[in-house]
Amino acid sequence: MATTWLPLAPAAGSPRPTPCARRGHSATARGGTLYIYGGCYGLSAYLGDLHALDVKTMRWDEPRTSGKPPGPRAWHSATLALAPHSADYLFIFGGACRGAGGAMNCLNDLYVLATQLVLRRRLPLVTTAP
């Protein structure tokens with residue numbers, strides 16, 4: 001089977017600009033939407049933003065959310081859990097950020113975003129964190 005890489009460009013007139021360059025972010029796809037969360041810009045600017053790309057129209061947006069969002073982070077994990085009769089859930093776990101004095105701070109918190117309801121909340125960890 002032959003596969004081909006193609007460069008993609010966002011469509012003109014997106015509701016929001018293209019996300020800034022970043023590394024250490026997560027990218028999670030569901031249906032026709034690609035969710036980008038967090039990451040690091042440059043050497044020390046940790047990001048806590050959420051972007052959604054409609055892959056059919058190639059337009060970026062920043063979904064409106066409620067609840068307390070995760071703090072800025074990079075190198076976290078993101079997993080989508082599909083729920084057949086309700087919203088799908090995007091889980092964000094751990095990662096790293098800069099702490100006091102610029103020291104690297106490893107995180108072990110867990111957040112969930114209901115992608116249809118766009119509701120964010122922190123989940124309590126009921127077991128010992130890894």
# chains A, B, ... in the order shown; residues from 1 in each chain; ligands from 1
call {"tool": "select_by_dssp", "arguments": {"residues": "stretch 42-76 of chain A", "states": "strand (DSSP E)", "output": "ChimeraX atom specification"}}
result
/A:45-54,59-61
call {"tool": "write_last_selection", "arguments": {"atoms": "all heavy atoms", "output": "short mmCIF file (atom, residue, chain, number, x, y, z; two decimals), in the first residue's frame"}}
result
data_model
loop_
_atom_site.label_atom_id
_atom_site.label_comp_id
_atom_site.auth_asym_id
_atom_site.auth_seq_id
_atom_site.Cartn_x
_atom_site.Cartn_y
_atom_site.Cartn_z
N ALA A 45 8.19 28.73 27.83
CA ALA A 45 6.82 29.25 27.88
C ALA A 45 5.84 28.09 27.77
O ALA A 45 5.54 27.61 26.67
CB ALA A 45 6.59 30.25 26.75
N TYR A 46 5.36 27.62 28.91
CA TYR A 46 4.43 26.50 28.93
C TYR A 46 3.02 27.01 28.61
O TYR A 46 2.61 28.06 29.09
CB TYR A 46 4.46 25.79 30.28
CG TYR A 46 5.71 24.96 30.42
CD1 TYR A 46 6.91 25.56 30.81
CD2 TYR A 46 5.71 23.61 30.15
CE1 TYR A 46 8.07 24.81 30.91
CE2 TYR A 46 6.86 22.86 30.24
CZ TYR A 46 8.04 23.47 30.62
OH TYR A 46 9.18 22.73 30.71
N LEU A 47 2.30 26.26 27.81
CA LEU A 47 0.99 26.66 27.31
C LEU A 47 -0.12 25.83 27.93
O LEU A 47 0.07 24.64 28.21
CB LEU A 47 0.94 26.51 25.78
CG LEU A 47 2.06 27.23 25.02
CD1 LEU A 47 2.09 26.78 23.56
CD2 LEU A 47 1.87 28.73 25.12
N GLY A 48 -1.28 26.43 28.11
CA GLY A 48 -2.45 25.73 28.65
C GLY A 48 -3.66 26.01 27.79
O GLY A 48 -4.77 26.08 28.29
N ASP A 49 -3.45 26.15 26.49
CA ASP A 49 -4.55 26.50 25.59
C ASP A 49 -5.08 25.26 24.86
O ASP A 49 -4.40 24.27 24.70
CB ASP A 49 -4.11 27.56 24.58
CG ASP A 49 -2.82 27.20 23.85
OD1 ASP A 49 -2.16 26.21 24.21
OD2 ASP A 49 -2.46 27.91 22.90
N LEU A 50 -6.34 25.35 24.47
CA LEU A 50 -7.02 24.27 23.75
C LEU A 50 -7.45 24.81 22.39
O LEU A 50 -8.07 25.86 22.30
CB LEU A 50 -8.25 23.80 24.53
CG LEU A 50 -9.12 22.75 23.85
CD1 LEU A 50 -8.37 21.41 23.74
CD2 LEU A 50 -10.42 22.57 24.61
N HIS A 51 -7.08 24.08 21.34
CA HIS A 51 -7.47 24.45 19.98
C HIS A 51 -8.15 23.26 19.33
O HIS A 51 -7.84 22.11 19.64
CB HIS A 51 -6.23 24.84 19.16
CG HIS A 51 -5.51 26.01 19.71
ND1 HIS A 51 -5.82 27.30 19.38
CD2 HIS A 51 -4.49 26.09 20.60
CE1 HIS A 51 -5.02 28.13 20.02
NE2 HIS A 51 -4.20 27.41 20.78
N ALA A 52 -9.07 23.53 18.42
CA ALA A 52 -9.77 22.48 17.68
C ALA A 52 -9.72 22.80 16.20
O ALA A 52 -10.06 23.92 15.79
CB ALA A 52 -11.22 22.38 18.15
N LEU A 53 -9.29 21.84 15.42
CA LEU A 53 -9.25 21.99 13.96
C LEU A 53 -10.35 21.14 13.36
O LEU A 53 -10.38 19.92 13.56
CB LEU A 53 -7.89 21.55 13.42
CG LEU A 53 -7.75 21.56 11.90
CD1 LEU A 53 -7.81 22.99 11.36
CD2 LEU A 53 -6.46 20.87 11.46
N ASP A 54 -11.25 21.77 12.63
CA ASP A 54 -12.26 21.04 11.85
C ASP A 54 -11.55 20.57 10.59
O ASP A 54 -11.19 21.38 9.73
CB ASP A 54 -13.43 21.97 11.51
CG ASP A 54 -14.53 21.26 10.75
OD1 ASP A 54 -14.22 20.42 9.87
OD2 ASP A 54 -15.70 21.54 11.03
N ARG A 59 -10.53 24.80 9.44
CA ARG A 59 -10.65 26.02 10.23
C ARG A 59 -10.36 25.73 11.70
O ARG A 59 -10.86 24.76 12.26
CB ARG A 59 -12.04 26.62 10.09
CG ARG A 59 -12.31 27.14 8.69
CD ARG A 59 -13.72 27.69 8.58
NE ARG A 59 -14.01 28.05 7.22
CZ ARG A 59 -13.93 29.29 6.75
NH1 ARG A 59 -13.58 30.28 7.55
NH2 ARG A 59 -14.21 29.54 5.50
N TRP A 60 -9.53 26.60 12.29
CA TRP A 60 -9.19 26.50 13.71
C TRP A 60 -10.21 27.24 14.56
O TRP A 60 -10.75 28.25 14.13
CB TRP A 60 -7.82 27.12 13.98
CG TRP A 60 -6.68 26.29 13.52
CD1 TRP A 60 -5.94 26.48 12.39
CD2 TRP A 60 -6.13 25.14 14.18
NE1 TRP A 60 -4.96 25.53 12.31
CE2 TRP A 60 -5.06 24.69 13.38
CE3 TRP A 60 -6.45 24.46 15.35
CZ2 TRP A 60 -4.29 23.58 13.75
CZ3 TRP A 60 -5.70 23.36 15.70
CH2 TRP A 60 -4.62 22.93 14.91
N ASP A 61 -10.40 26.76 15.77
CA ASP A 61 -11.23 27.44 16.74
C ASP A 61 -10.65 27.19 18.13
O ASP A 61 -9.87 26.25 18.32
CB ASP A 61 -12.68 26.93 16.67
CG ASP A 61 -13.67 27.87 17.34
OD1 ASP A 61 -13.28 28.97 17.76
OD2 ASP A 61 -14.84 27.49 17.46
#
call {"tool": "closest_atom_pairs", "arguments": {"of": "stretch 70-93 of chain A", "to": "stretch 15-29 of chain A", "cutoff": "8 Å", "atoms": "only C-alpha atoms", "output": "JSON lines"}}
result
{"residue": "A:Ala74", "atom": "CA", "partner": "A:Gly24", "partner_atom": "CA", "distance": 4.8}
{"residue": "A:Trp75", "atom": "CA", "partner": "A:Gly24", "partner_atom": "CA", "distance": 4.5}
{"residue": "A:His76", "atom": "CA", "partner": "A:Ser26", "partner_atom": "CA", "distance": 7.0}
{"residue": "A:Ser77", "atom": "CA", "partner": "A:Ser26", "partner_atom": "CA", "distance": 6.6}
{"residue": "A:Ala78", "atom": "CA", "partner": "A:Ser26", "partner_atom": "CA", "distance": 6.1}
{"residue": "A:Thr79", "atom": "CA", "partner": "A:Thr28", "partner_atom": "CA", "distance": 7.0}
{"residue": "A:Leu80", "atom": "CA", "partner": "A:Thr28", "partner_atom": "CA", "distance": 7.0}
call {"tool": "closest_residue", "arguments": {"among": "A:Ala100, A:Leu6, A:Ala12, A:Leu113", "to": "A:Thr65", "atoms": "only C-alpha atoms"}}
result
A:Leu113
call {"tool": "atom_distance", "arguments": {"atom1": "atom CA of A:Tyr41", "atom2": "atom CA of A:Arg98"}}
result
12.7 Å
call {"tool": "atom_distance", "arguments": {"atom1": "atom CA of A:Arg30", "atom2": "atom CA of A:Ala96"}}
result
24.9 Å
call {"tool": "atom_distance", "arguments": {"atom1": "atom CA of A:Leu90", "atom2": "atom CA of A:Tyr37"}}
result
10.3 Å
call {"tool": "closest_residue", "arguments": {"among": "A:Cys40, A:Leu34, A:Ala2, A:Ala114", "to": "A:Leu82", "atoms": "only C-alpha atoms"}}
result
A:Ala114
call {"tool": "residues_around", "arguments": {"residues": "A:Thr115", "least_positions_apart": "5", "cutoff": "7 Å", "atoms": "only C-alpha atoms", "output": "number ranges by chain"}}
result
A: 87-90
call {"tool": "write_last_selection", "arguments": {"atoms": "N, CA, C and O atoms", "output": "compact mmCIF listing (two decimals), in the first residue's frame"}}
result
# COMPACT_ATOMS: atom_id res chain seq x y z
N ALA A 87 -21.56 12.55 25.86
CA ALA A 87 -20.37 13.23 25.37
C ALA A 87 -19.17 12.30 25.40
O ALA A 87 -19.12 11.34 26.16
N ASP A 88 -18.20 12.57 24.54
CA ASP A 88 -16.92 11.88 24.59
C ASP A 88 -16.04 12.62 25.59
O ASP A 88 -16.23 13.81 25.83
N TYR A 89 -15.07 11.92 26.16
CA TYR A 89 -14.26 12.51 27.22
C TYR A 89 -12.78 12.51 26.82
O TYR A 89 -12.22 11.47 26.51
N LEU A 90 -12.19 13.70 26.85
CA LEU A 90 -10.76 13.86 26.60
C LEU A 90 -10.07 13.98 27.95
O LEU A 90 -10.32 14.92 28.71
